[in-house]
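Visitor: Quick one: structure below, then a few questions.
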Amino acid sequence: MTVTPVLALVLAALLLLAVTVAAWCRLSPDTGAPRWREILVAGLRAAAQLAAVSLVVVWALESAAVLAGFLVVMLGVAVRTAGRRITPGPGWWFTAVPIGVSVVPVVAGLLATGVVPLRGITLIPVTGILIGGAMTATTLAGRRALDELAARHGEVEAGLALGLRDRDARLAVARPSASDALLPGLDQTRTVGLVTLPGAFVGMLLGGASPVMAGAVQLFVLVALSAVQVVAVAVTVELVARGRLRREPVA
């Protein structure tokens, strides 16, 4: 892809199309900011952030301290993003638990086994993919679980009346719907090569790797991502069931 003024115009047109359709079709929640505004802000932020990150990554590849700081920032932003999607209250920081518990051990294991070398050029993209997957799974699981608890509050009360503990009654209601957070990653893994050719596979091919090597790398990414997302969803549901993640009023 050639970076030219034409590319900028095409990107602007696509962003405008997304904003227009979202606004025209009223694709927005009943409360909060309209989706068209979020799409516009997200697109503009992506452009600015990628420009800035392009410079930071160059430093991170040359400095261990900058690399560590960059990874911490990635994790922090993911926690904040997922937390604010789930709850407007002060308990949003609990999303650090499912994201951290799912990503850190996997990355540590990959480094310990030598599958991923301790170099910024490989550690940044792999960790970024895993953090992004954990963030998405945590957000979807938390929102689905809380929505289900709100809609089926009577079933929770019935479980308590039958002698279940509060955690168990909430878990029985929230867990099945929260498991839907695994569907995007599951479908991506099941249809890889048939419906989509993910970025890692295409990037390896464009970088000169053999199709076998590109396929092996992409398989590794998908399997690692599945492990991270399963753990993130399980921990998120547990936090919701224990009342750590809840829809608190804004302070």
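In the structure tokens, the first chain shown is A, the next is B, and so on; residue numbers restart at 1 for each chain, and ligands run from 1 in the order shown.
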Write out as a Markdown table the residues of segment 19-121 of chain A that have any atom within 7 Å of an atom of segment 217-237 of chain A, one row each with the nearest atom pair and its distance in Å to one decimal, counting only C-alpha atoms, sorted by chain and then rising number.

Guide:
| residue | atom | partner | partner_atom | distance |
| --- | --- | --- | --- | --- |
| A:Pro98 | CA | A:Ala232 | CA | 4.5 |
| A:Ile99 | CA | A:Ala232 | CA | 5.9 |
| A:Ser102 | CA | A:Val228 | CA | 4.9 |
| A:Val103 | CA | A:Val228 | CA | 6.0 |

Visitor: Would you output that residue set with N, CA and C atoms, as a PDB file, in the first residue's frame?

Guide:
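Wrote it out as out-v3.pdb, contents follow:
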ATOM      1  N   PRO A  98      -8.631  -9.622  35.054  1.00  0.00           N
ATOM      2  CA  PRO A  98      -8.731 -10.582  33.951  1.00  0.00           C
ATOM      3  C   PRO A  98      -7.728 -10.336  32.834  1.00  0.00           C
ATOM      4  N   ILE A  99      -7.443  -9.073  32.545  1.00  0.00           N
ATOM      5  CA  ILE A  99      -6.492  -8.789  31.467  1.00  0.00           C
ATOM      6  C   ILE A  99      -5.077  -9.189  31.884  1.00  0.00           C
ATOM      7  N   SER A 102      -4.615 -13.095  32.423  1.00  0.00           N
ATOM      8  CA  SER A 102      -4.637 -13.880  31.190  1.00  0.00           C
ATOM      9  C   SER A 102      -3.415 -13.625  30.312  1.00  0.00           C
ATOM     10  N   VAL A 103      -2.939 -12.389  30.267  1.00  0.00           N
ATOM     11  CA  VAL A 103      -1.857 -12.034  29.337  1.00  0.00           C
ATOM     12  C   VAL A 103      -0.476 -12.297  29.921  1.00  0.00           C
TER      13      VAL A 103
END

Visitor: Which of these, A:Arg165, A:Ala137, A:Glu148, A:Ala64, has the shortest distance to Leu186 of chain A once you count only C-alpha atoms?

Guide: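 So, comparing all the options, the nearest one is A:Ala137.
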
Visitor: Could you pull the residues within 6 Å of segment 139-143 of chain A, counting only C-alpha atoms, minus those fewer than 5 positions along the same chain, as a list of chain:residue names?

Guide: A:Ala82, A:Ile86, A:Ala178, A:Ala181, A:Val233

Visitor: Store the residues picked out above, limited to N, CA, C and O atoms, as a CSV table (one decimal), in the first residue's frame.

Guide:
chain,number,residue,atom,x,y,z
A,82,ALA,N,-11.5,-1.2,28.8
A,82,ALA,CA,-12.5,-2.3,29.1
A,82,ALA,C,-13.3,-1.9,30.3
A,82,ALA,O,-14.5,-2.1,30.4
A,86,ILE,N,-17.5,-1.3,30.8
A,86,ILE,CA,-18.3,-2.2,31.7
A,86,ILE,C,-19.0,-1.4,32.7
A,86,ILE,O,-20.2,-1.6,33.0
A,178,ALA,N,-22.3,-14.7,29.2
A,178,ALA,CA,-21.0,-14.1,29.1
A,178,ALA,C,-20.0,-14.9,28.2
A,178,ALA,O,-19.1,-14.4,27.7
A,181,ALA,N,-18.8,-14.0,24.7
A,181,ALA,CA,-17.6,-13.1,24.4
A,181,ALA,C,-16.5,-13.9,23.7
A,181,ALA,O,-15.7,-13.3,23.1
A,233,VAL,N,-12.3,-14.2,30.1
A,233,VAL,CA,-13.8,-14.3,30.3
A,233,VAL,C,-14.1,-15.0,31.6
A,233,VAL,O,-15.0,-14.6,32.3

Visitor: Just give me the gap between atom CA of Ala241 of chain A and atom CA of Ala145 of chain A in Å, one decimal is fine.

Guide: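 Interatomic distance here is 8.6 Å.
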
Visitor: Skipping near chain neighbours, those fewer than 2 positions away, what residues fall within 9 Å of Leu40 of chain A using only C-alpha atoms, listed as a list of chain:residue names?

Guide: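 The filter keeps A:Leu15, A:Leu16, A:Ala18, A:Val19, A:Arg35, A:Trp36, A:Arg37, A:Glu38, A:Ala42, A:Gly43, A:Leu44, A:Arg45.
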